[in-house]
file entry_31.pdb (PDB, C-alpha atoms)
ATOM      1  CA  MET A 239      31.694-103.849   9.540
ATOM      2  CA  SER A 240      28.091-104.783  10.345
ATOM      3  CA  LEU A 241      25.192-106.813   9.078
ATOM      4  CA  ASP A 242      24.069-103.702   7.249
ATOM      5  CA  VAL A 243      27.267-103.040   5.333
ATOM      6  CA  THR A 244      29.302-105.717   3.622
ATOM      7  CA  ALA A 245      28.400-108.845   1.685
ATOM      8  CA  THR A 246      27.173-111.188   4.383
ATOM      9  CA  LYS A 247      26.962-114.638   2.881
ATOM     10  CA  PRO A 248      25.109-116.354   5.760
ATOM     11  CA  HIS A 249      22.601-113.523   5.906
ATOM     12  CA  GLU A 250      22.183-113.439   2.148
ATOM     13  CA  ARG A 251      21.591-117.195   1.990
ATOM     14  CA  LEU A 252      18.959-116.917   4.684
ATOM     15  CA  ALA A 253      17.327-113.964   2.921
ATOM     16  CA  LYS A 254      17.237-115.903  -0.346
ATOM     17  CA  ALA A 255      15.683-118.949   1.315
ATOM     18  CA  LEU A 256      13.006-116.720   2.853
ATOM     19  CA  SER A 257      12.555-114.286  -0.042
ATOM     20  CA  ALA A 258       8.868-115.032  -0.675
ATOM     21  CA  GLU A 259       8.029-114.729   3.021
ATOM     22  CA  MET A 260      10.047-111.521   3.401
ATOM     23  CA  ASP A 261       8.244-110.011   0.409
ATOM     24  CA  ALA A 262       4.959-110.712   2.189
ATOM     25  CA  VAL A 263       6.299-109.148   5.389
ATOM     26  CA  ASN A 264       7.367-106.029   3.509
ATOM     27  CA  VAL A 265       3.890-105.705   2.017
ATOM     28  CA  MET A 266       2.296-106.013   5.462
ATOM     29  CA  ILE A 267       4.753-103.518   6.950
ATOM     30  CA  ARG A 268       3.869-100.911   4.339
ATOM     31  CA  ASP A 269       0.150-101.593   4.794
ATOM     32  CA  ARG A 270       0.089-101.538   8.586
ATOM     33  CA  MET A 271       2.330 -98.505   9.106
ATOM     34  CA  SER A 272      -0.173 -96.334   7.214
ATOM     35  CA  SER A 273      -2.440 -93.896   8.994
ATOM     36  CA  GLU A 274      -5.508 -92.231   7.535
ATOM     37  CA  HIS A 275      -5.530 -89.336   9.974
ATOM     38  CA  ALA A 276      -1.853 -88.740  10.821
ATOM     39  CA  PRO A 277       0.422 -88.721   7.756
ATOM     40  CA  ARG A 278       3.474 -88.079   9.910
ATOM     41  CA  ILE A 279       3.252 -91.678  11.185
ATOM     42  CA  PRO A 280       4.122 -93.344   7.854
ATOM     43  CA  GLU A 281       6.648 -90.571   7.128
ATOM     44  CA  VAL A 282       8.620 -91.189  10.323
ATOM     45  CA  THR A 283       8.217 -94.959  10.182
ATOM     46  CA  ALA A 284       9.295 -95.193   6.556
ATOM     47  CA  HIS A 285      12.384 -93.089   7.251
ATOM     48  CA  LEU A 286      13.655 -95.717   9.681
ATOM     49  CA  ILE A 287      12.247 -98.948   8.252
ATOM     50  CA  GLU A 288      13.435 -98.142   4.717
ATOM     51  CA  ALA A 289      16.899 -97.013   5.830
ATOM     52  CA  GLY A 290      18.622-100.169   4.619
ATOM     53  CA  GLY A 291      18.416-102.476   7.617
ATOM     54  CA  LYS A 292      18.464-106.202   6.874
ATOM     55  CA  ARG A 293      15.413-107.051   9.002
ATOM     56  CA  LEU A 294      17.335-109.698  10.920
ATOM     57  CA  ARG A 295      14.775-110.106  13.699
ATOM     58  CA  PRO A 296      11.727-110.777  11.499
ATOM     59  CA  MET A 297      13.867-113.099   9.407
ATOM     60  CA  LEU A 298      14.587-115.111  12.557
ATOM     61  CA  THR A 299      10.849-115.526  13.089
ATOM     62  CA  LEU A 300      10.327-116.666   9.505
ATOM     63  CA  ALA A 301      13.338-118.983   9.716
ATOM     64  CA  ALA A 302      12.084-120.626  12.916
ATOM     65  CA  ALA A 303       8.600-121.148  11.474
ATOM     66  CA  LYS A 304       9.945-122.624   8.238
ATOM     67  CA  LEU A 305      12.420-124.815  10.097
ATOM     68  CA  CYS A 306       9.546-126.204  12.149
ATOM     69  CA  GLY A 307       7.374-126.937   9.105
ATOM     70  CA  TYR A 308       4.780-124.209   9.570
ATOM     71  CA  GLU A 309       2.509-123.734   6.544
ATOM     72  CA  GLY A 310      -0.067-121.239   7.798
ATOM     73  CA  PRO A 311      -0.219-117.470   7.234
ATOM     74  CA  TYR A 312       0.545-116.122  10.678
ATOM     75  CA  HIS A 313       4.355-116.218  10.617
ATOM     76  CA  ILE A 314       4.046-113.161   8.355
ATOM     77  CA  HIS A 315       2.022-111.368  11.021
ATOM     78  CA  LEU A 316       4.526-112.293  13.716
ATOM     79  CA  ALA A 317       7.538-111.199  11.683
ATOM     80  CA  THR A 318       5.826-107.861  11.015
ATOM     81  CA  THR A 319       5.079-107.523  14.714
ATOM     82  CA  VAL A 320       8.712-108.166  15.612
ATOM     83  CA  GLU A 321       9.896-105.515  13.127
ATOM     84  CA  PHE A 322       7.410-102.967  14.475
ATOM     85  CA  ILE A 323       8.510-103.585  18.056
ATOM     86  CA  HIS A 324      12.141-103.212  17.011
ATOM     87  CA  THR A 325      11.452 -99.995  15.094
ATOM     88  CA  ALA A 326       9.499 -98.546  18.019
ATOM     89  CA  THR A 327      12.388 -99.191  20.388
ATOM     90  CA  LEU A 328      14.843 -97.543  17.972
ATOM     91  CA  LEU A 329      12.677 -94.423  17.772
ATOM     92  CA  HIS A 330      12.520 -94.229  21.553
ATOM     93  CA  ASP A 331      16.228 -95.022  21.995
ATOM     94  CA  ASP A 332      17.300 -92.196  19.706
ATOM     95  CA  VAL A 333      15.306 -89.739  21.781
ATOM     96  CA  VAL A 334      16.704 -91.027  25.074
ATOM     97  CA  ASP A 335      20.273 -91.069  23.722
ATOM     98  CA  GLU A 336      19.836 -87.734  21.909
ATOM     99  CA  SER A 337      21.227 -89.487  18.818
ATOM    100  CA  GLU A 338      21.656 -87.645  15.543
ATOM    101  CA  GLN A 339      22.567 -90.546  13.277
ATOM    102  CA  ARG A 340      21.408 -94.112  12.706
ATOM    103  CA  ARG A 341      22.483 -96.388   9.831
ATOM    104  CA  GLY A 342      24.394 -93.452   8.396
ATOM    105  CA  ARG A 343      21.323 -91.216   8.172
ATOM    106  CA  PRO A 344      19.886 -88.440  10.359
ATOM    107  CA  THR A 345      17.617 -89.805  13.081
ATOM    108  CA  ALA A 346      13.873 -89.196  13.058
ATOM    109  CA  ASN A 347      14.093 -87.051  16.184
ATOM    110  CA  LEU A 348      16.597 -84.808  14.375
ATOM    111  CA  LEU A 349      14.552 -84.543  11.163
ATOM    112  CA  TRP A 350      11.221 -84.063  12.937
ATOM    113  CA  ASP A 351      11.265 -83.749  16.736
ATOM    114  CA  ASN A 352      11.364 -85.804  19.924
ATOM    115  CA  GLN A 353       7.596 -85.711  20.319
ATOM    116  CA  SER A 354       7.019 -87.220  16.881
ATOM    117  CA  SER A 355       9.561 -89.991  17.490
ATOM    118  CA  VAL A 356       8.060 -90.956  20.844
ATOM    119  CA  LEU A 357       4.458 -90.867  19.642
ATOM    120  CA  VAL A 358       5.149 -92.754  16.399
ATOM    121  CA  GLY A 359       7.036 -95.335  18.471
ATOM    122  CA  ASP A 360       3.967 -95.657  20.679
ATOM    123  CA  TYR A 361       1.806 -96.092  17.577
ATOM    124  CA  LEU A 362       4.025 -98.903  16.293
ATOM    125  CA  PHE A 363       3.857-100.680  19.658
ATOM    126  CA  SER A 364       0.069-100.443  19.527
ATOM    127  CA  ARG A 365       0.009-101.635  15.932
ATOM    128  CA  SER A 366       2.193-104.596  16.821
ATOM    129  CA  PHE A 367      -0.311-105.747  19.438
ATOM    130  CA  GLN A 368      -3.186-105.389  16.990
ATOM    131  CA  ILE A 369      -1.335-107.651  14.565
ATOM    132  CA  MET A 370      -0.463-110.182  17.294
ATOM    133  CA  VAL A 371      -4.115-110.560  18.222
ATOM    134  CA  GLU A 372      -4.947-111.529  14.638
ATOM    135  CA  THR A 373      -2.993-114.766  15.077
ATOM    136  CA  GLY A 374      -5.513-115.918  17.684
ATOM    137  CA  SER A 375      -2.716-117.283  19.863
ATOM    138  CA  ILE A 376      -2.722-116.219  23.499
ATOM    139  CA  ARG A 377       0.648-117.955  23.913
ATOM    140  CA  VAL A 378       2.218-115.822  21.184
ATOM    141  CA  LEU A 379       0.620-112.703  22.620
ATOM    142  CA  GLY A 380       2.092-113.519  26.026
ATOM    143  CA  ILE A 381       5.609-114.084  24.675
ATOM    144  CA  LEU A 382       5.723-110.845  22.679
ATOM    145  CA  ALA A 383       4.060-108.831  25.434
ATOM    146  CA  ASP A 384       6.632-110.133  27.917
ATOM    147  CA  ALA A 385       9.425-109.284  25.477
ATOM    148  CA  SER A 386       8.104-105.734  25.055
ATOM    149  CA  ALA A 387       8.045-105.229  28.818
ATOM    150  CA  THR A 388      11.525-106.731  29.176
ATOM    151  CA  ILE A 389      12.905-104.412  26.487
ATOM    152  CA  ALA A 390      11.546-101.358  28.308
ATOM    153  CA  GLU A 391      12.876-102.690  31.612
ATOM    154  CA  GLY A 392      16.331-103.148  30.079
ATOM    155  CA  GLU A 393      16.338 -99.600  28.753
ATOM    156  CA  VAL A 394      15.357 -98.178  32.133
ATOM    157  CA  LEU A 395      18.024-100.269  33.859
ATOM    158  CA  GLN A 396      20.610 -98.959  31.383
ATOM    159  CA  LEU A 397      19.469 -95.413  32.117
ATOM    160  CA  THR A 398      19.839 -95.858  35.878
ATOM    161  CA  ALA A 399      23.242 -97.567  35.474
ATOM    162  CA  ALA A 400      24.549 -94.927  33.052
ATOM    163  CA  ARG A 401      27.702 -93.135  34.181
ATOM    164  CA  ASP A 402      27.850 -95.245  37.341
ATOM    165  CA  LEU A 403      31.382 -96.641  37.509
ATOM    166  CA  SER A 404      30.256 -99.307  39.978
ATOM    167  CA  THR A 405      28.072-100.940  37.297
ATOM    168  CA  SER A 406      28.872-104.667  37.281
ATOM    169  CA  GLU A 407      29.076-107.172  34.467
ATOM    170  CA  ASP A 408      25.966-108.842  35.885
ATOM    171  CA  THR A 409      24.049-105.581  35.526
ATOM    172  CA  TYR A 410      25.388-105.151  31.990
ATOM    173  CA  LEU A 411      24.174-108.643  31.087
ATOM    174  CA  LYS A 412      20.725-107.833  32.455
ATOM    175  CA  VAL A 413      20.672-104.662  30.361
ATOM    176  CA  ILE A 414      21.584-106.306  27.066
ATOM    177  CA  ARG A 415      19.419-109.343  27.752
ATOM    178  CA  GLY A 416      16.572-106.865  28.049
ATOM    179  CA  LYS A 417      17.290-104.269  25.389
ATOM    180  CA  THR A 418      18.587-106.648  22.692
ATOM    181  CA  ALA A 419      18.370-110.373  23.429
ATOM    182  CA  ALA A 420      14.719-110.310  24.551
ATOM    183  CA  LEU A 421      13.490-109.554  21.046
ATOM    184  CA  PHE A 422      15.900-112.034  19.420
ATOM    185  CA  SER A 423      14.674-114.842  21.682
ATOM    186  CA  ALA A 424      11.014-113.885  21.297
ATOM    187  CA  ALA A 425      11.439-113.710  17.508
ATOM    188  CA  THR A 426      12.741-117.261  17.281
ATOM    189  CA  GLN A 427      10.444-118.658  19.972
ATOM    190  CA  VAL A 428       7.178-117.447  18.444
ATOM    191  CA  GLY A 429       8.165-118.940  15.095
ATOM    192  CA  GLY A 430       8.184-122.332  16.784
ATOM    193  CA  VAL A 431       5.082-121.710  18.887
ATOM    194  CA  ILE A 432       2.942-120.806  15.870
ATOM    195  CA  ALA A 433       4.126-124.081  14.292
ATOM    196  CA  GLY A 434       2.983-126.035  17.365
ATOM    197  CA  VAL A 435       6.379-127.528  18.224
ATOM    198  CA  GLU A 436       7.088-129.559  21.337
ATOM    199  CA  GLU A 437       8.494-127.862  24.425
ATOM    200  CA  LYS A 438      12.071-129.049  23.824
ATOM    201  CA  VAL A 439      12.195-127.422  20.395
ATOM    202  CA  GLU A 440      10.536-124.229  21.630
ATOM    203  CA  ASN A 441      13.073-123.946  24.448
ATOM    204  CA  ALA A 442      15.937-124.496  22.009
ATOM    205  CA  LEU A 443      14.653-121.736  19.732
ATOM    206  CA  TYR A 444      14.375-119.377  22.680
ATOM    207  CA  ALA A 445      17.863-120.231  23.943
ATOM    208  CA  TYR A 446      19.405-119.808  20.483
ATOM    209  CA  GLY A 447      17.846-116.364  20.093
ATOM    210  CA  ASP A 448      18.853-115.314  23.600
ATOM    211  CA  ALA A 449      22.507-116.283  23.168
ATOM    212  CA  LEU A 450      22.653-114.847  19.651
ATOM    213  CA  GLY A 451      21.219-111.538  20.858
ATOM    214  CA  ILE A 452      23.727-111.304  23.705
ATOM    215  CA  ALA A 453      26.637-111.999  21.355
ATOM    216  CA  PHE A 454      25.254-109.508  18.834
ATOM    217  CA  GLN A 455      25.131-106.699  21.411
ATOM    218  CA  MET A 456      28.569-107.511  22.814
ATOM    219  CA  VAL A 457      30.007-107.313  19.311
ATOM    220  CA  ASP A 458      28.273-103.994  18.673
ATOM    221  CA  ASP A 459      29.688-102.632  21.919
ATOM    222  CA  LEU A 460      33.140-103.840  20.935
ATOM    223  CA  LEU A 461      32.874-102.365  17.439
ATOM    224  CA  ASP A 462      32.199 -98.998  19.022
ATOM    225  CA  TYR A 463      35.845 -99.026  20.109
ATOM    226  CA  GLY A 464      37.221-100.450  16.891
ATOM    227  CA  GLY A 465      34.654-100.417  14.115
ATOM    228  CA  THR A 466      34.162 -97.958  11.283
ATOM    229  CA  GLU A 467      31.872 -95.044  10.627
ATOM    230  CA  ALA A 468      30.163 -97.247   8.014
ATOM    231  CA  ILE A 469      28.085 -98.883  10.761
ATOM    232  CA  GLY A 470      26.237 -95.589  11.146
ATOM    233  CA  LYS A 471      28.079 -94.081  14.069
ATOM    234  CA  ASN A 472      31.549 -92.873  14.892
ATOM    235  CA  ILE A 473      34.142 -94.835  16.822
ATOM    236  CA  GLY A 474      33.884 -93.931  20.486
ATOM    237  CA  ASP A 475      30.245 -92.791  20.516
ATOM    238  CA  ASP A 476      29.577 -94.938  23.599
ATOM    239  CA  PHE A 477      32.549 -93.319  25.347
ATOM    240  CA  ARG A 478      31.376 -89.815  24.450
ATOM    241  CA  GLU A 479      27.850 -90.696  25.605
ATOM    242  CA  ARG A 480      29.397 -92.112  28.816
ATOM    243  CA  LYS A 481      27.783 -95.537  28.411
ATOM    244  CA  LEU A 482      28.988 -98.332  30.672
ATOM    245  CA  SER A 483      29.295-101.029  28.012
ATOM    246  CA  LEU A 484      31.296-104.196  28.628
ATOM    247  CA  PRO A 485      34.692-103.014  27.303
ATOM    248  CA  LEU A 486      34.609-100.056  29.671
ATOM    249  CA  ILE A 487      33.275-102.082  32.621
ATOM    250  CA  LYS A 488      36.106-104.586  32.256
ATOM    251  CA  ALA A 489      38.717-101.832  32.009
ATOM    252  CA  VAL A 490      37.362-100.011  35.049
ATOM    253  CA  ALA A 491      37.458-103.216  37.114
ATOM    254  CA  LYS A 492      41.240-103.484  36.573
ATOM    255  CA  SER A 493      42.161 -99.813  36.690
ATOM    256  CA  ASP A 494      44.624 -98.336  39.157
ATOM    257  CA  VAL A 495      44.114 -95.114  41.128
ATOM    258  CA  GLU A 496      45.318 -92.849  38.324
ATOM    259  CA  GLU A 497      43.175 -94.628  35.747
ATOM    260  CA  MET A 498      40.143 -94.475  38.025
ATOM    261  CA  ALA A 499      40.628 -90.716  38.280
ATOM    262  CA  PHE A 500      40.509 -90.624  34.476
ATOM    263  CA  TRP A 501      37.264 -92.635  34.379
ATOM    264  CA  THR A 502      35.744 -90.461  37.105
ATOM    265  CA  ARG A 503      36.506 -87.301  35.148
ATOM    266  CA  THR A 504      35.443 -88.572  31.726
ATOM    267  CA  ILE A 505      32.541 -90.888  32.528
ATOM    268  CA  ALA A 506      31.161 -90.003  35.959
ATOM    269  CA  LYS A 507      31.589 -86.232  35.570
ATOM    270  CA  GLY A 508      31.530 -85.991  31.775
ATOM    271  CA  LYS A 509      34.527 -83.669  31.499
ATOM    272  CA  GLN A 510      36.085 -84.969  28.290
ATOM    273  CA  ARG A 511      38.865 -83.644  26.097
ATOM    274  CA  ASP A 512      39.729 -84.504  22.496
ATOM    275  CA  GLU A 513      42.556 -86.850  23.463
ATOM    276  CA  ASP A 514      40.519 -88.787  26.032
ATOM    277  CA  LEU A 515      39.150 -91.424  23.631
ATOM    278  CA  GLN A 516      42.672 -92.537  22.737
ATOM    279  CA  ILE A 517      43.611 -92.663  26.426
ATOM    280  CA  ALA A 518      40.514 -94.780  27.112
ATOM    281  CA  LEU A 519      41.476 -97.160  24.296
ATOM    282  CA  ASP A 520      45.027 -97.421  25.661
ATOM    283  CA  ILE A 521      43.721 -98.331  29.123
ATOM    284  CA  MET A 522      41.346-100.919  27.670
ATOM    285  CA  ARG A 523      44.134-102.536  25.667
ATOM    286  CA  LYS A 524      46.504-102.455  28.631
ATOM    287  CA  HIS A 525      44.057-104.496  30.707
ATOM    288  CA  GLY A 526      43.000-106.789  27.843
ATOM    289  CA  ALA A 527      39.403-105.561  28.040
ATOM    290  CA  LEU A 528      38.743-105.630  24.291
ATOM    291  CA  ASP A 529      40.130-109.152  23.878
ATOM    292  CA  ALA A 530      38.115-110.324  26.890
ATOM    293  CA  VAL A 531      34.875-108.990  25.402
ATOM    294  CA  ARG A 532      35.678-110.681  22.101
ATOM    295  CA  ASP A 533      36.206-113.993  23.923
ATOM    296  CA  GLU A 534      32.879-113.642  25.727
ATOM    297  CA  ALA A 535      31.063-112.902  22.484
ATOM    298  CA  LEU A 536      32.634-115.997  20.912
ATOM    299  CA  ALA A 537      31.513-118.079  23.898
ATOM    300  CA  TRP A 538      27.925-116.854  23.547
ATOM    301  CA  VAL A 539      27.941-117.735  19.852
ATOM    302  CA  GLU A 540      29.075-121.256  20.674
ATOM    303  CA  LYS A 541      26.272-121.449  23.229
ATOM    304  CA  ALA A 542      23.759-120.324  20.592
ATOM    305  CA  LYS A 543      24.974-122.955  18.138
ATOM    306  CA  SER A 544      24.833-125.684  20.780
ATOM    307  CA  HIS A 545      21.050-125.285  21.030
ATOM    308  CA  LEU A 546      20.569-125.899  17.314
ATOM    309  CA  SER A 547      21.168-129.622  17.829
ATOM    310  CA  ASP A 548      17.691-129.839  19.413
ATOM    311  CA  LEU A 549      16.061-128.476  16.248
ATOM    312  CA  PRO A 550      14.923-130.485  13.194
ATOM    313  CA  GLU A 551      17.519-131.157  10.521
ATOM    314  CA  HIS A 552      17.008-128.538   7.826
ATOM    315  CA  GLU A 553      19.045-126.259   5.590
ATOM    316  CA  ILE A 554      17.687-123.339   7.618
ATOM    317  CA  ARG A 555      19.287-124.799  10.742
ATOM    318  CA  ASP A 556      22.671-124.743   9.012
ATOM    319  CA  MET A 557      22.090-121.140   7.957
ATOM    320  CA  LEU A 558      21.293-120.166  11.545
ATOM    321  CA  SER A 559      24.584-121.718  12.630
ATOM    322  CA  ASP A 560      26.461-119.781   9.939
ATOM    323  CA  LEU A 561      24.646-116.603  10.939
ATOM    324  CA  ALA A 562      25.836-117.011  14.527
ATOM    325  CA  ASP A 563      29.410-117.420  13.320
ATOM    326  CA  TYR A 564      29.109-114.291  11.213
ATOM    327  CA  VAL A 565      28.084-112.182  14.188
ATOM    328  CA  VAL A 566      31.506-112.628  15.702
ATOM    329  CA  ALA A 567      33.344-112.821  12.367
ATOM    330  CA  ARG A 568      32.878-109.054  12.315
ATOM    331  CA  ILE A 569      35.479-108.780  15.085
ATOM    332  CA  SER A 570      37.795-111.621  14.051
TER     333      SER A 570
END

call {"tool": "encode", "arguments": {"input": "entry_31.pdb", "output": "structure tokens"}}
result
Amino acid sequence: MSLDVTATKPHERLAKALSAEMDAVNVMIRDRMSSEHAPRIPEVTAHLIEAGGKRLRPMLTLAAAKLCGYEGPYHIHLATTVEFIHTATLLHDDVVDESEQRRGRPTANLLWDNQSSVLVGDYLFSRSFQIMVETGSIRVLGILADASATIAEGEVLQLTAARDLSTSEDTYLKVIRGKTAALFSAATQVGGVIAGVEEKVENALYAYGDALGIAFQMVDDLLDYGGTEAIGKNIGDDFRERKLSLPLIKAVAKSDVEEMAFWTRTIAKGKQRDEDLQIALDIMRKHGALDAVRDEALAWVEKAKSHLSDLPEHEIRDMLSDLADYVVARIS
């Protein structure tokens, strides 16, 4: 199950409350992803943006701005920027991971080529900065620029840690804080900044987004070992790609000599057989790795919700709390 699949009441309530704003974002997305001279840019971008994603990150920006009483036009620009940054990272990720499927559809790099995916991703990053500048806020520009750099840093760290069985939980947290949580926290923070909120509220928005993003990625990593193909990938893709996600890191930390030999063969050396995924799952369950990851995700959700008490009372605040609960309800 994922945010993109089943009826998600918290998400649907939030989408309904922000429907007018999201319509404006969708118009700006279609307008700004166009290119007069390179028609492949809107072709590749549209393939991913129109693939059925729920636009959670831009909705967080709109939600934060509305929660903080913002009435100007620039939350639309910022939400569009956040979606473009997210889409650019997905295009690049699929090339790096040599992915063939995303959201149940062929990836752009499979339909076109790696060069197109990388260059269109670069275009979207550039577009996002053009849109940021239109807000006239150096503070917003700084936050989103920092987030973009942090995302790239997280991806590079993940690449260097890949297939290294000594990868620690601290390193994993740095990776997901970069590749996932950085854009969640920036999305919520800039919604408050454009509304001119006080520092306490801005910090709470940032902290909520950070914790929510960490929980979101932990749940996705857990679903890889127990989700369904409906989320757009097969169970065990992370294992087959030899990614050191948290379930595997926790299992490795408790493995005996024989189990370590298994991890060395399958992850470090990449010599996998058809039955190896089931063996990996058995080892993870034996050491309680999957339950431990679930508990950590739940703890991060509670941390996210704790920061909402510093935000103004508003129906949107309640929806953000429900949204956090839903993230982990997928694995309950």

call {"tool": "residues_near_point", "arguments": {"input": "entry_31.pdb", "point": "(23.6, -118.1, 4.7)", "cutoff": "12 Å", "atoms": "all atoms listed in the file", "output": "MDAnalysis selection string"}}
result
chainID A and resid 245:256 297 301 553:564

call {"tool": "residues_around", "arguments": {"input": "entry_31.pdb", "residues": "stretch 357-370 of chain A", "least_positions_apart": "5", "cutoff": "8 Å", "atoms": "only C-alpha atoms", "output": "list of chain:residue names"}}
result
A:Arg270, A:Met271, A:Ile279, A:Val282, A:Thr283, A:His315, A:Leu316, A:Thr318, A:Thr319, A:Val320, A:Phe322, A:Ile323, A:Thr325, A:Ala326, A:Thr327, A:Leu329, A:His330, A:Ser375, A:Val378, A:Leu379

call {"tool": "residues_near_point", "arguments": {"input": "entry_31.pdb", "point": "(18.6, -102.9, 26.9)", "cutoff": "10 Å", "atoms": "only C-alpha atoms", "output": "count of residues only"}}
result
24

call {"tool": "atom_distance", "arguments": {"input": "entry_31.pdb", "atom1": "atom CA of A:Met522", "atom2": "atom CA of A:Asp402"}}
result
17.5 Å

call {"tool": "resolve_selection", "arguments": {"input": "entry_31.pdb", "expression": "the PyMOL selection byres ((chain A and resi 538) around 8)", "output": "PyMOL selection string"}}
result
chain A and resi 449-450+452-453+534-537+539-542

call {"tool": "resolve_selection", "arguments": {"input": "entry_31.pdb", "expression": "the PyMOL selection byres ((chain A and resi 430-435) around 9)", "output": "PyMOL selection string"}}
result
chain A and resi 299+302-310+312-313+316+373+375+377-378+426-429+436-440+443

call {"tool": "write_last_selection", "arguments": {"input": "entry_31.pdb", "atoms": "C-alpha atoms", "output": "short mmCIF file (atom, residue, chain, number, x, y, z; two decimals), in the coordinates of the input"}}
result
data_model
loop_
_atom_site.label_atom_id
_atom_site.label_comp_id
_atom_site.auth_asym_id
_atom_site.auth_seq_id
_atom_site.Cartn_x
_atom_site.Cartn_y
_atom_site.Cartn_z
CA THR A 299 10.85 -115.53 13.09
CA ALA A 302 12.08 -120.63 12.92
CA ALA A 303 8.60 -121.15 11.47
CA LYS A 304 9.94 -122.62 8.24
CA LEU A 305 12.42 -124.82 10.10
CA CYS A 306 9.55 -126.20 12.15
CA GLY A 307 7.37 -126.94 9.10
CA TYR A 308 4.78 -124.21 9.57
CA GLU A 309 2.51 -123.73 6.54
CA GLY A 310 -0.07 -121.24 7.80
CA TYR A 312 0.55 -116.12 10.68
CA HIS A 313 4.36 -116.22 10.62
CA LEU A 316 4.53 -112.29 13.72
CA THR A 373 -2.99 -114.77 15.08
CA SER A 375 -2.72 -117.28 19.86
CA ARG A 377 0.65 -117.96 23.91
CA VAL A 378 2.22 -115.82 21.18
CA THR A 426 12.74 -117.26 17.28
CA GLN A 427 10.44 -118.66 19.97
CA VAL A 428 7.18 -117.45 18.44
CA GLY A 429 8.16 -118.94 15.10
CA GLU A 436 7.09 -129.56 21.34
CA GLU A 437 8.49 -127.86 24.42
CA LYS A 438 12.07 -129.05 23.82
CA VAL A 439 12.20 -127.42 20.40
CA GLU A 440 10.54 -124.23 21.63
CA LEU A 443 14.65 -121.74 19.73
#

call {"tool": "build_atoms", "arguments": {"input": "entry_31.pdb", "residues": "stretch 309-320 of chain A", "atoms": "N, CA, C and O atoms", "output": "PDB file, in the frame of the given file"}}
result
ATOM      1  N   GLU A 309       3.031-124.016   7.875  1.00  0.00           N
ATOM      2  CA  GLU A 309       2.509-123.734   6.544  1.00  0.00           C
ATOM      3  C   GLU A 309       1.334-122.757   6.556  1.00  0.00           C
ATOM      4  O   GLU A 309       0.712-122.520   5.528  1.00  0.00           O
ATOM      5  N   GLY A 310       1.047-122.190   7.714  1.00  0.00           N
ATOM      6  CA  GLY A 310      -0.067-121.239   7.798  1.00  0.00           C
ATOM      7  C   GLY A 310       0.371-119.828   7.456  1.00  0.00           C
ATOM      8  O   GLY A 310       1.520-119.599   7.065  1.00  0.00           O
ATOM      9  N   PRO A 311      -0.532-118.858   7.627  1.00  0.00           N
ATOM     10  CA  PRO A 311      -0.219-117.470   7.234  1.00  0.00           C
ATOM     11  C   PRO A 311       0.371-116.596   8.338  1.00  0.00           C
ATOM     12  O   PRO A 311       0.876-115.510   8.056  1.00  0.00           O
ATOM     13  N   TYR A 312       0.321-117.062   9.589  1.00  0.00           N
ATOM     14  CA  TYR A 312       0.545-116.122  10.678  1.00  0.00           C
ATOM     15  C   TYR A 312       2.012-115.837  11.013  1.00  0.00           C
ATOM     16  O   TYR A 312       2.303-114.950  11.806  1.00  0.00           O
ATOM     17  N   HIS A 313       2.954-116.578  10.410  1.00  0.00           N
ATOM     18  CA  HIS A 313       4.355-116.218  10.617  1.00  0.00           C
ATOM     19  C   HIS A 313       4.649-114.858   9.983  1.00  0.00           C
ATOM     20  O   HIS A 313       5.540-114.130  10.454  1.00  0.00           O
ATOM     21  N   ILE A 314       3.896-114.483   8.970  1.00  0.00           N
ATOM     22  CA  ILE A 314       4.046-113.161   8.355  1.00  0.00           C
ATOM     23  C   ILE A 314       3.610-112.080   9.344  1.00  0.00           C
ATOM     24  O   ILE A 314       4.284-111.051   9.514  1.00  0.00           O
ATOM     25  N   HIS A 315       2.500-112.303  10.007  1.00  0.00           N
ATOM     26  CA  HIS A 315       2.022-111.368  11.021  1.00  0.00           C
ATOM     27  C   HIS A 315       3.042-111.218  12.147  1.00  0.00           C
ATOM     28  O   HIS A 315       3.326-110.097  12.605  1.00  0.00           O
ATOM     29  N   LEU A 316       3.591-112.338  12.594  1.00  0.00           N
ATOM     30  CA  LEU A 316       4.526-112.293  13.716  1.00  0.00           C
ATOM     31  C   LEU A 316       5.834-111.606  13.334  1.00  0.00           C
ATOM     32  O   LEU A 316       6.398-110.844  14.123  1.00  0.00           O
ATOM     33  N   ALA A 317       6.311-111.861  12.133  1.00  0.00           N
ATOM     34  CA  ALA A 317       7.538-111.199  11.683  1.00  0.00           C
ATOM     35  C   ALA A 317       7.323-109.689  11.570  1.00  0.00           C
ATOM     36  O   ALA A 317       8.203-108.894  11.928  1.00  0.00           O
ATOM     37  N   THR A 318       6.157-109.289  11.092  1.00  0.00           N
ATOM     38  CA  THR A 318       5.826-107.861  11.015  1.00  0.00           C
ATOM     39  C   THR A 318       5.766-107.253  12.410  1.00  0.00           C
ATOM     40  O   THR A 318       6.277-106.153  12.650  1.00  0.00           O
ATOM     41  N   THR A 319       5.152-107.977  13.326  1.00  0.00           N
ATOM     42  CA  THR A 319       5.079-107.523  14.714  1.00  0.00           C
ATOM     43  C   THR A 319       6.468-107.307  15.297  1.00  0.00           C
ATOM     44  O   THR A 319       6.744-106.283  15.940  1.00  0.00           O
ATOM     45  N   VAL A 320       7.355-108.264  15.090  1.00  0.00           N
ATOM     46  CA  VAL A 320       8.712-108.166  15.612  1.00  0.00           C
ATOM     47  C   VAL A 320       9.430-106.938  15.041  1.00  0.00           C
ATOM     48  O   VAL A 320      10.120-106.202  15.765  1.00  0.00           O
TER      49      VAL A 320
END
